[in-house]
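Engineer: Pasting coords_15.cif below, which is mmCIF, C-alpha atoms.
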```
data_protein
#
loop_
_atom_site.label_atom_id
_atom_site.label_comp_id
_atom_site.auth_asym_id
_atom_site.auth_seq_id
_atom_site.Cartn_x
_atom_site.Cartn_y
_atom_site.Cartn_z
CA MET A 1276 -38.73 0.48 -54.29
CA ASN A 1277 -42.20 0.79 -55.75
CA GLY A 1278 -45.37 0.59 -53.71
CA MET A 1279 -46.13 -3.01 -54.72
CA ALA A 1280 -42.68 -4.23 -53.73
CA PHE A 1281 -43.04 -2.52 -50.39
CA PHE A 1282 -46.41 -4.13 -49.86
CA GLU A 1283 -45.04 -7.61 -50.56
CA GLU A 1284 -42.03 -7.24 -48.30
CA SER A 1285 -43.49 -5.35 -45.34
CA SER A 1286 -45.77 -6.32 -42.45
CA CYS A 1287 -49.16 -4.62 -42.30
CA GLY A 1288 -48.11 -2.62 -39.26
CA ASN A 1289 -45.11 -1.13 -41.04
CA LEU A 1290 -47.24 -0.62 -44.11
CA TYR A 1291 -49.41 1.97 -42.37
CA TRP A 1292 -46.40 3.99 -41.26
CA GLY A 1293 -44.46 3.59 -44.50
CA TYR A 1294 -47.21 5.06 -46.58
CA LYS A 1295 -48.17 7.62 -43.84
CA MET A 1296 -51.68 7.75 -45.19
CA LYS A 1297 -53.79 10.16 -43.15
CA LYS A 1298 -57.13 10.11 -44.87
CA ALA A 1299 -59.82 7.79 -43.51
CA ILE A 1300 -60.68 6.45 -46.93
CA GLY A 1301 -57.04 5.62 -47.58
CA LEU A 1302 -56.71 3.85 -44.24
CA ALA A 1303 -59.87 1.87 -44.85
CA LEU A 1304 -58.64 0.73 -48.25
CA LEU A 1305 -55.25 -0.19 -46.85
CA SER A 1306 -56.90 -2.18 -44.02
CA MET A 1307 -58.80 -4.22 -46.57
CA LEU A 1308 -55.56 -4.90 -48.43
CA CYS A 1309 -53.88 -6.00 -45.19
CA ILE A 1310 -56.73 -8.39 -44.35
CA SER A 1311 -56.50 -9.89 -47.82
CA PHE A 1312 -52.72 -10.17 -47.53
CA ASN A 1313 -52.92 -11.96 -44.17
CA ALA A 1314 -55.63 -14.34 -45.36
CA THR A 1315 -53.50 -15.34 -48.34
CA ALA A 1316 -50.39 -15.77 -46.20
CA GLN A 1317 -52.21 -17.95 -43.68
CA ALA A 1318 -54.19 -20.09 -46.13
CA LYS A 1319 -53.49 -23.79 -45.70
CA MET A 1320 -53.87 -26.63 -48.13
CA ASN A 1321 -56.86 -28.89 -47.47
CA PHE A 1322 -56.43 -32.65 -47.72
CA TYR A 1323 -59.22 -35.17 -47.21
CA TRP A 1324 -58.50 -38.53 -45.55
CA ILE A 1325 -61.53 -40.79 -46.09
CA SER A 1326 -61.83 -44.33 -44.70
CA HIS A 1327 -64.43 -46.98 -45.47
CA GLY A 1328 -63.98 -48.31 -41.92
CA SER A 1329 -65.19 -47.27 -38.50
CA GLU A 1330 -63.67 -45.69 -35.44
CA GLY A 1331 -64.36 -48.89 -33.48
CA ASP A 1332 -61.89 -50.89 -35.59
CA PRO A 1333 -58.47 -50.77 -33.87
CA ILE A 1334 -56.43 -50.18 -37.03
CA TRP A 1335 -58.17 -46.87 -37.74
CA VAL A 1336 -57.22 -45.32 -34.40
CA TYR A 1337 -53.54 -45.57 -35.33
CA ALA A 1338 -54.19 -44.57 -38.94
CA VAL A 1339 -56.18 -41.39 -38.29
CA ASN A 1340 -53.66 -40.31 -35.64
CA GLY A 1341 -50.98 -40.69 -38.30
CA ALA A 1342 -52.95 -38.49 -40.70
CA LYS A 1343 -53.36 -35.82 -38.03
CA ALA A 1344 -49.65 -35.96 -37.25
CA ALA A 1345 -48.86 -35.39 -40.93
CA GLY A 1346 -51.17 -32.38 -40.97
CA THR A 1347 -49.34 -30.87 -38.01
CA ALA A 1348 -45.89 -31.61 -39.45
CA LEU A 1349 -46.73 -30.12 -42.85
CA ASN A 1350 -48.94 -27.29 -41.54
CA VAL A 1351 -51.92 -28.36 -43.65
CA ASN A 1352 -55.56 -29.10 -42.86
CA VAL A 1353 -56.49 -32.78 -42.76
CA LYS A 1354 -60.22 -33.47 -42.83
CA SER A 1355 -60.78 -37.09 -41.82
CA SER A 1356 -63.97 -39.15 -41.93
CA PHE A 1357 -65.16 -42.72 -41.44
CA HIS A 1358 -68.06 -44.30 -43.30
CA HIS A 1359 -68.77 -47.58 -41.51
CA ASN A 1360 -68.59 -49.71 -44.66
CA ASP A 1361 -71.42 -47.74 -46.25
CA LEU A 1362 -70.39 -47.44 -49.89
CA ALA A 1363 -72.92 -44.72 -50.72
CA LEU A 1364 -71.73 -42.52 -47.85
CA GLN A 1365 -68.08 -42.95 -48.78
CA VAL A 1366 -68.75 -42.12 -52.42
CA GLU A 1367 -70.67 -39.01 -51.37
CA ALA A 1368 -67.79 -37.94 -49.12
CA ILE A 1369 -65.31 -38.23 -51.99
CA LYS A 1370 -67.62 -36.30 -54.32
CA SER A 1371 -67.98 -33.59 -51.68
CA ALA A 1372 -64.20 -33.34 -51.35
CA ILE A 1373 -63.88 -32.96 -55.12
CA ALA A 1374 -66.63 -30.33 -55.17
CA ALA A 1375 -64.80 -28.44 -52.42
CA ASN A 1376 -61.73 -28.32 -54.68
CA ALA A 1377 -59.60 -30.37 -52.30
CA ASP A 1378 -55.85 -30.09 -52.63
CA GLY A 1379 -55.70 -33.87 -52.45
CA ILE A 1380 -57.73 -36.93 -51.43
CA ALA A 1381 -56.60 -40.12 -49.70
CA THR A 1382 -59.16 -42.91 -49.46
CA THR A 1383 -59.61 -46.66 -49.23
CA SER A 1384 -61.10 -48.98 -51.82
CA PRO A 1385 -64.40 -50.23 -50.34
CA THR A 1386 -65.17 -52.71 -53.12
CA PRO A 1387 -63.64 -53.55 -56.52
CA GLY A 1388 -64.47 -50.99 -59.22
CA ALA A 1389 -66.16 -48.45 -56.96
CA LEU A 1390 -63.47 -45.77 -57.17
CA LYS A 1391 -62.68 -45.53 -60.88
CA PRO A 1392 -65.37 -42.93 -61.76
CA LEU A 1393 -64.30 -40.86 -58.75
CA VAL A 1394 -60.61 -41.07 -59.64
CA ASP A 1395 -61.46 -39.95 -63.17
CA LEU A 1396 -63.51 -37.04 -61.83
CA ALA A 1397 -60.72 -35.99 -59.45
CA LYS A 1398 -58.17 -36.12 -62.28
CA SER A 1399 -60.37 -33.92 -64.45
CA LYS A 1400 -60.28 -31.31 -61.67
CA GLY A 1401 -56.53 -31.61 -61.17
CA ILE A 1402 -56.94 -33.23 -57.74
CA PRO A 1403 -54.47 -36.01 -56.83
CA LEU A 1404 -56.08 -39.12 -55.32
CA ILE A 1405 -54.18 -41.79 -53.42
CA ILE A 1406 -55.54 -45.09 -52.11
CA PHE A 1407 -54.41 -46.59 -48.81
CA ASN A 1408 -55.09 -49.80 -46.84
CA SER A 1409 -57.06 -51.65 -49.54
CA ASP A 1410 -56.08 -51.12 -53.17
CA ASP A 1411 -57.82 -50.99 -56.53
CA LYS A 1412 -55.04 -50.56 -59.06
CA ALA A 1413 -57.51 -50.55 -61.96
CA SER A 1414 -59.03 -47.35 -60.58
CA GLY A 1415 -56.15 -45.30 -61.98
CA ARG A 1416 -55.16 -43.96 -58.55
CA LEU A 1417 -51.95 -41.95 -58.31
CA ALA A 1418 -50.33 -44.24 -55.73
CA TYR A 1419 -51.09 -46.87 -53.09
CA VAL A 1420 -49.91 -47.05 -49.50
CA GLY A 1421 -50.53 -50.26 -47.58
CA ALA A 1422 -50.20 -54.00 -47.59
CA ASN A 1423 -50.52 -56.18 -50.63
CA LEU A 1424 -53.67 -57.89 -49.36
CA TYR A 1425 -53.38 -60.82 -51.74
CA GLN A 1426 -49.86 -61.42 -50.45
CA ALA A 1427 -51.09 -61.18 -46.86
CA GLY A 1428 -53.50 -64.04 -47.59
CA VAL A 1429 -50.68 -66.05 -49.15
CA GLN A 1430 -48.49 -65.38 -46.11
CA TRP A 1431 -51.09 -66.63 -43.63
CA ALA A 1432 -51.98 -69.76 -45.57
CA GLN A 1433 -48.35 -70.61 -46.26
CA TYR A 1434 -47.52 -70.18 -42.57
CA LEU A 1435 -50.10 -72.81 -41.60
CA VAL A 1436 -48.92 -75.17 -44.34
CA ASP A 1437 -45.21 -74.76 -43.61
CA LYS A 1438 -45.77 -75.38 -39.90
CA LYS A 1439 -47.81 -78.49 -40.81
CA LEU A 1440 -50.78 -77.14 -38.89
CA VAL A 1441 -53.30 -77.95 -41.65
CA LYS A 1442 -53.56 -80.73 -44.19
CA LYS A 1443 -55.71 -81.99 -47.04
CA GLY A 1444 -59.37 -82.21 -46.06
CA ASP A 1445 -59.07 -79.77 -43.15
CA LYS A 1446 -61.33 -76.71 -42.96
CA VAL A 1447 -59.98 -73.27 -42.00
CA TRP A 1448 -62.32 -70.65 -40.58
CA LEU A 1449 -62.09 -67.14 -42.05
CA PRO A 1450 -64.10 -64.68 -39.93
CA VAL A 1451 -64.35 -61.14 -41.30
CA GLU A 1452 -66.20 -57.92 -40.52
CA VAL A 1453 -67.52 -57.23 -44.03
CA PRO A 1454 -67.84 -60.12 -46.51
CA GLY A 1455 -67.46 -58.88 -50.07
CA ALA A 1456 -65.32 -55.89 -49.13
CA GLN A 1457 -62.12 -55.32 -51.11
CA TYR A 1458 -59.87 -56.56 -48.31
CA GLN A 1459 -61.80 -59.80 -47.84
CA VAL A 1460 -61.85 -60.53 -51.57
CA ASP A 1461 -58.11 -59.95 -52.02
CA GLU A 1462 -57.04 -61.81 -48.88
CA THR A 1463 -59.23 -64.81 -49.62
CA ALA A 1464 -57.86 -65.00 -53.16
CA GLY A 1465 -54.35 -65.21 -51.71
CA ILE A 1466 -55.42 -67.92 -49.27
CA ALA A 1467 -57.11 -69.86 -52.08
CA SER A 1468 -53.92 -69.84 -54.15
CA ILE A 1469 -52.23 -71.92 -51.43
CA PHE A 1470 -55.12 -74.01 -50.07
CA ASP A 1471 -56.94 -74.97 -53.27
CA PRO A 1472 -54.09 -77.03 -54.81
CA LEU A 1473 -53.61 -78.82 -51.47
CA GLY A 1474 -57.28 -79.71 -50.99
CA ILE A 1475 -57.61 -77.59 -47.84
CA LYS A 1476 -61.09 -76.16 -47.36
CA TYR A 1477 -61.98 -72.74 -45.99
CA GLU A 1478 -65.11 -70.81 -45.01
CA VAL A 1479 -65.59 -67.04 -44.99
CA PHE A 1480 -67.74 -66.14 -41.98
CA ASN A 1481 -69.64 -62.88 -41.48
CA ALA A 1482 -68.79 -61.78 -37.94
CA GLY A 1483 -70.22 -58.29 -38.49
CA GLY A 1484 -68.74 -54.86 -37.83
CA ASP A 1485 -70.28 -54.21 -34.41
CA PRO A 1486 -67.63 -54.85 -31.71
CA SER A 1487 -69.85 -56.64 -29.19
CA GLY A 1488 -71.98 -58.29 -31.85
CA SER A 1489 -68.95 -59.75 -33.60
CA ILE A 1490 -67.80 -61.40 -30.38
CA GLN A 1491 -71.20 -63.03 -29.92
CA ASN A 1492 -71.40 -64.13 -33.55
CA MET A 1493 -67.98 -65.72 -33.42
CA ALA A 1494 -68.78 -67.47 -30.14
CA ASP A 1495 -72.07 -68.81 -31.54
CA TYR A 1496 -70.24 -70.20 -34.56
CA LEU A 1497 -67.68 -72.01 -32.41
CA ILE A 1498 -70.38 -73.48 -30.20
CA GLY A 1499 -72.08 -74.95 -33.25
CA HIS A 1500 -69.11 -75.71 -35.52
CA GLY A 1501 -65.95 -75.52 -33.44
CA ASN A 1502 -65.20 -79.21 -33.83
CA GLU A 1503 -65.24 -78.85 -37.64
CA ILE A 1504 -62.36 -76.39 -38.01
CA ALA A 1505 -58.63 -77.02 -37.87
CA ALA A 1506 -57.43 -73.42 -37.80
CA MET A 1507 -58.52 -69.79 -38.05
CA ILE A 1508 -57.31 -66.96 -40.25
CA GLY A 1509 -58.70 -63.59 -39.14
CA LEU A 1510 -59.28 -61.41 -42.19
CA GLY A 1511 -59.73 -58.19 -40.20
CA ASP A 1512 -58.40 -56.54 -37.06
CA MET A 1513 -61.66 -56.58 -35.14
CA VAL A 1514 -62.13 -60.34 -35.43
CA MET A 1515 -58.49 -60.91 -34.50
CA GLY A 1516 -58.82 -58.66 -31.47
CA ASN A 1517 -61.81 -60.76 -30.37
CA VAL A 1518 -59.94 -64.08 -30.20
CA LYS A 1519 -59.06 -64.20 -26.50
CA ARG A 1520 -62.53 -63.07 -25.38
CA VAL A 1521 -64.29 -65.47 -27.74
CA TRP A 1522 -62.12 -68.39 -26.66
CA SER A 1523 -62.84 -67.62 -23.01
CA SER A 1524 -66.58 -67.40 -23.64
CA VAL A 1525 -66.67 -70.92 -25.14
CA ASN A 1526 -64.17 -72.34 -22.63
CA TRP A 1527 -61.36 -72.83 -25.13
CA LYS A 1528 -57.80 -72.61 -23.87
CA ALA A 1529 -55.05 -70.68 -25.61
CA GLY A 1530 -53.71 -72.76 -28.49
CA LYS A 1531 -56.91 -74.80 -28.93
CA ILE A 1532 -56.53 -74.24 -32.68
CA PRO A 1533 -53.80 -72.31 -34.54
CA VAL A 1534 -54.75 -68.71 -35.29
CA VAL A 1535 -53.08 -66.26 -37.68
CA GLY A 1536 -54.29 -63.03 -39.28
CA TRP A 1537 -54.08 -59.28 -38.81
CA GLY A 1538 -52.28 -57.82 -35.81
CA ASN A 1539 -52.83 -54.05 -35.83
CA SER A 1540 -54.22 -53.91 -32.29
CA ILE A 1541 -52.89 -54.21 -28.76
CA GLU A 1542 -55.50 -56.91 -28.11
CA THR A 1543 -54.05 -59.15 -30.81
CA ALA A 1544 -50.50 -58.42 -29.71
CA GLN A 1545 -51.34 -59.46 -26.14
CA ALA A 1546 -53.17 -62.54 -27.44
CA THR A 1547 -50.02 -63.47 -29.36
CA LYS A 1548 -47.91 -63.10 -26.22
CA GLU A 1549 -50.31 -65.34 -24.32
CA GLY A 1550 -50.52 -68.02 -27.02
CA TYR A 1551 -54.04 -67.45 -28.35
CA VAL A 1552 -52.58 -66.21 -31.65
CA LEU A 1553 -49.53 -67.83 -33.28
CA ALA A 1554 -48.53 -65.05 -35.68
CA ALA A 1555 -50.05 -61.79 -36.84
CA THR A 1556 -49.46 -59.28 -39.61
CA TRP A 1557 -48.62 -55.65 -38.94
CA GLN A 1558 -49.63 -53.15 -41.62
CA TYR A 1559 -47.87 -50.16 -40.04
CA PRO A 1560 -51.29 -48.50 -39.54
CA ASP A 1561 -49.92 -45.11 -38.48
CA SER A 1562 -48.17 -45.00 -41.85
CA LEU A 1563 -51.56 -45.48 -43.53
CA GLY A 1564 -52.41 -42.03 -42.19
CA PHE A 1565 -49.11 -40.18 -42.33
CA VAL A 1566 -47.67 -41.31 -45.66
CA PRO A 1567 -50.69 -40.62 -47.94
CA ILE A 1568 -50.95 -37.03 -46.67
CA THR A 1569 -47.21 -36.57 -47.23
CA MET A 1570 -47.47 -37.93 -50.77
CA LEU A 1571 -50.44 -35.69 -51.57
CA TYR A 1572 -48.43 -32.73 -50.30
CA MET A 1573 -45.56 -33.74 -52.59
CA ALA A 1574 -47.93 -34.01 -55.55
CA LYS A 1575 -49.39 -30.58 -54.80
CA LYS A 1576 -45.86 -29.16 -54.75
CA GLY A 1577 -45.28 -30.50 -58.25
CA MET A 1578 -43.31 -33.64 -57.42
CA LEU A 1579 -43.94 -36.68 -59.58
CA LEU A 1580 -45.54 -39.76 -58.03
CA GLY A 1581 -46.19 -43.12 -59.60
CA TYR A 1582 -44.93 -45.66 -57.12
CA ASP A 1583 -46.56 -47.67 -54.35
CA ILE A 1584 -45.39 -48.10 -50.76
CA THR A 1585 -45.89 -51.57 -49.29
CA THR A 1586 -46.39 -51.87 -45.52
CA LEU A 1587 -46.31 -55.47 -44.35
CA ALA A 1588 -44.57 -57.38 -41.56
CA MET A 1589 -45.34 -60.40 -39.36
CA TYR A 1590 -44.75 -60.85 -35.65
CA ASP A 1591 -44.97 -63.79 -33.24
CA LYS A 1592 -43.82 -64.58 -29.70
CA THR A 1593 -40.18 -64.09 -30.64
CA ASN A 1594 -40.50 -60.38 -31.38
CA ILE A 1595 -43.85 -59.39 -29.90
CA GLU A 1596 -42.51 -57.20 -27.08
CA SER A 1597 -41.33 -54.41 -29.37
CA TYR A 1598 -44.79 -54.24 -30.99
CA ILE A 1599 -46.57 -54.18 -27.64
CA LYS A 1600 -44.37 -51.30 -26.45
CA MET A 1601 -45.04 -49.38 -29.65
CA MET A 1602 -48.81 -49.87 -29.53
CA ALA A 1603 -49.01 -49.06 -25.83
CA LYS A 1604 -47.77 -45.54 -26.60
CA LYS A 1605 -50.78 -44.72 -28.80
#
```
Could I get this file's structure written as structure tokens?
Structural biologist:
Amino acid sequence: MNGMAFFEESSCGNLYWGYKMKKAIGLALLSMLCISFNATAQAKMNFYWISHGSEGDPIWVYAVNGAKAAGTALNVNVKSSFHHNDLALQVEAIKSAIAANADGIATTSPTPGALKPLVDLAKSKGIPLIIFNSDDKASGRLAYVGANLYQAGVQWAQYLVDKKLVKKGDKVWLPVEVPGAQYQVDETAGIASIFDPLGIKYEVFNAGGDPSGSIQNMADYLIGHGNEIAAMIGLGDMVMGNVKRVWSSVNWKAGKIPVVGWGNSIETAQATKEGYVLAATWQYPDSLGFVPITMLYMAKKGMLLGYDITTLAMYDKTNIESYIKMMAKK
């Protein structure tokens, strides 16, 4: 075989003996070739997993662990970051990933229209970009992994209507961490599609993204307006995880008003078991980490993508135990 073929098929240790080079200059040159060979062999693909949320929000603990698990399974680097609902910081993180010539980017849509220029820029560099958790189809993203947030809103509102828990003239409270964010806009639109024709009112309430502050804000609202609301739909996981503690702080018993909403936390699952929450939606949050990295890997390997993966299920007292067991393992 020729020297190049030998180099490609042999380990660096055998390479020294195979060539039997004795001169120092030859050994030095060969050492440099070996270092280069090893660096190329060990190079890993770099994927960026970028969330608009914060580490304090329960859903993101499961999600980022899923992304890390995908990195281990595929033997790739996963660089994750959270941006605490700061649009400018998230945009800068995506730009930095593009500038670093990422092998792929997975991110969330923080607000309608924000991602399109970034998706276009990534495409121009040949970098696949996938959106997870909160979608913006108009951005031109390669794929979406997560719940249909509009449909989630429909599901919650329809549940309350079908169970005859709300009626014309009633007001439903919609606490959320970040009013105006993509997820709030989409979910509220779904709720409106059911409530508006029936004359059921609703109010989006800014609970805030700080864990302790959101509890206090929700409690203050109930102290002042609790007698005005017939039900609650929690538009985010933090506000749903607060329900039992907020109810206790204002001396409300479990079941005081019907509550539905997100359920991607052990706190909400336990609250469902105890009757504080009637039904909650599971978005398979670990899949929000694992699946986007897998799809980016597929795209980098030349596989065609162009489909979305919907992750949406609802649990209540009848099937809550399996969800509690699953979440307790995290």
Engineer: Just give me the gap between atom CA of Thr1383 of chain A and atom CA of Tyr1434 of chain A in Å, one decimal is fine.
Structural biologist: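 A separation of 27.3 Å between them.
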Engineer: Starting from the shown file, work through the PyMOL selection byres ((chain A and resi 1365-1381) around 9) and note down what comes out as number ranges by chain.
Structural biologist: A: 1320-1327, 1356-1364, 1382-1383, 1385, 1389-1390, 1393, 1396-1397, 1400-1407, 1564, 1567-1568, 1571-1572, 1574-1575
Engineer: Which residues are near segment 1512-1525 of chain A? Cut-off 7 Å, only C-alpha atoms, ignore same chain within fewer than 3 positions. Put them as number ranges by chain.
Structural biologist: A: 1332-1334, 1450-1452, 1490, 1493-1494, 1498, 1509, 1528, 1536-1540, 1542-1543, 1546, 1551
Engineer: Convert the output of the PyMOL selection byres ((chain A and resi 1459) around 12) on the shown file into explicit residues, formatted as a VMD selection string.
Structural biologist: chain A and resid 1384 to 1387 1409 to 1410 1424 to 1425 1427 to 1428 1449 to 1458 1460 to 1467 1478 to 1481 1508 to 1512 1536 to 1537
Engineer: When distances are computed from only C-alpha atoms, which of A:Tyr1598, A:Phe1470, A:Tyr1419, A:Tyr1582 shows the smallest separation from Tyr1559 of chain A?
Structural biologist: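 Residue with the minimum atom-to-atom distance to Tyr1559 of chain A: A:Tyr1598.
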Engineer: Evaluated on this file, the PyMOL selection byres ((chain A and resi 1477) around 6) picks out some residues - which ones are they, written as a PyMOL selection string?
Structural biologist: chain A and resi 1446-1448+1476+1478
Engineer: Would you save the residues of that selection, restricted to C-alpha atoms, as a PDB file, keeping the file's coordinate frame?
Structural biologist:
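The resulting file, result14.pdb, is shown below:
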```
ATOM      1  CA  LYS A1446     -61.330 -76.710 -42.960  1.00  0.00           C
ATOM      2  CA  VAL A1447     -59.980 -73.270 -42.000  1.00  0.00           C
ATOM      3  CA  TRP A1448     -62.320 -70.650 -40.580  1.00  0.00           C
ATOM      4  CA  LYS A1476     -61.090 -76.160 -47.360  1.00  0.00           C
ATOM      5  CA  GLU A1478     -65.110 -70.810 -45.010  1.00  0.00           C
TER       6      GLU A1478
END
```
Engineer: Tell me, as an mmCIF file with C-alpha atoms, in the coordinates of the input, which residues lie within 9 Å of Gly1550 of chain A, counting only C-alpha atoms; anything in the same chain fewer than 3 positions away does not count.
Structural biologist:
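Now in result-v7.cif:
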```
data_model
loop_
_atom_site.group_PDB
_atom_site.id
_atom_site.type_symbol
_atom_site.label_atom_id
_atom_site.label_comp_id
_atom_site.auth_asym_id
_atom_site.auth_seq_id
_atom_site.Cartn_x
_atom_site.Cartn_y
_atom_site.Cartn_z
ATOM 1 C CA ALA A 1529 -55.050 -70.680 -25.610
ATOM 2 C CA GLY A 1530 -53.710 -72.760 -28.490
ATOM 3 C CA GLN A 1545 -51.340 -59.460 -26.140
ATOM 4 C CA ALA A 1546 -53.170 -62.540 -27.440
ATOM 5 C CA THR A 1547 -50.020 -63.470 -29.360
ATOM 6 C CA LEU A 1553 -49.530 -67.830 -33.280
ATOM 7 C CA LYS A 1592 -43.820 -64.580 -29.700
#
```
Engineer: Under the rule that only C-alpha atoms are counted, which of A:Met1601, A:Leu1417, A:Ala1506, A:Ala1422 is the nearest residue to Leu1579 of chain A?
Structural biologist: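 Once distances to Leu1579 of chain A are computed over only C-alpha atoms, the minimum belongs to A:Leu1417.
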Engineer: Determine the nearest neighbour of Lys1576 of chain A from the options A:Ala1413, A:Ala1338, A:Ala1505, A:Leu1349, counting only C-alpha atoms.
Structural biologist: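 Nearest candidate to Lys1576 of chain A out of A:Ala1413, A:Ala1338, A:Ala1505, A:Leu1349: A:Leu1349.
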Engineer: List as an mmCIF file with C-alpha atoms, in the coordinates of the input: which residues have an atom within 7 Å of (-53.2, -47.1, -45.8), counting all atoms listed in the file?
Structural biologist:
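Contents of out.cif, freshly written:
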```
data_model
loop_
_atom_site.group_PDB
_atom_site.id
_atom_site.type_symbol
_atom_site.label_atom_id
_atom_site.label_comp_id
_atom_site.auth_asym_id
_atom_site.auth_seq_id
_atom_site.Cartn_x
_atom_site.Cartn_y
_atom_site.Cartn_z
ATOM 1 C CA PHE A 1407 -54.410 -46.590 -48.810
ATOM 2 C CA ASN A 1408 -55.090 -49.800 -46.840
ATOM 3 C CA VAL A 1420 -49.910 -47.050 -49.500
ATOM 4 C CA GLY A 1421 -50.530 -50.260 -47.580
ATOM 5 C CA PRO A 1560 -51.290 -48.500 -39.540
ATOM 6 C CA SER A 1562 -48.170 -45.000 -41.850
ATOM 7 C CA LEU A 1563 -51.560 -45.480 -43.530
ATOM 8 C CA GLY A 1564 -52.410 -42.030 -42.190
#
```
Engineer: Hey, can you check how far atom CA of Trp1557 of chain A sits from atom CA of Tyr1590 of chain A?
Structural biologist: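 If I compute the distance from atom CA of Trp1557 of chain A to atom CA of Tyr1590 of chain A, I get 7.3 Å.
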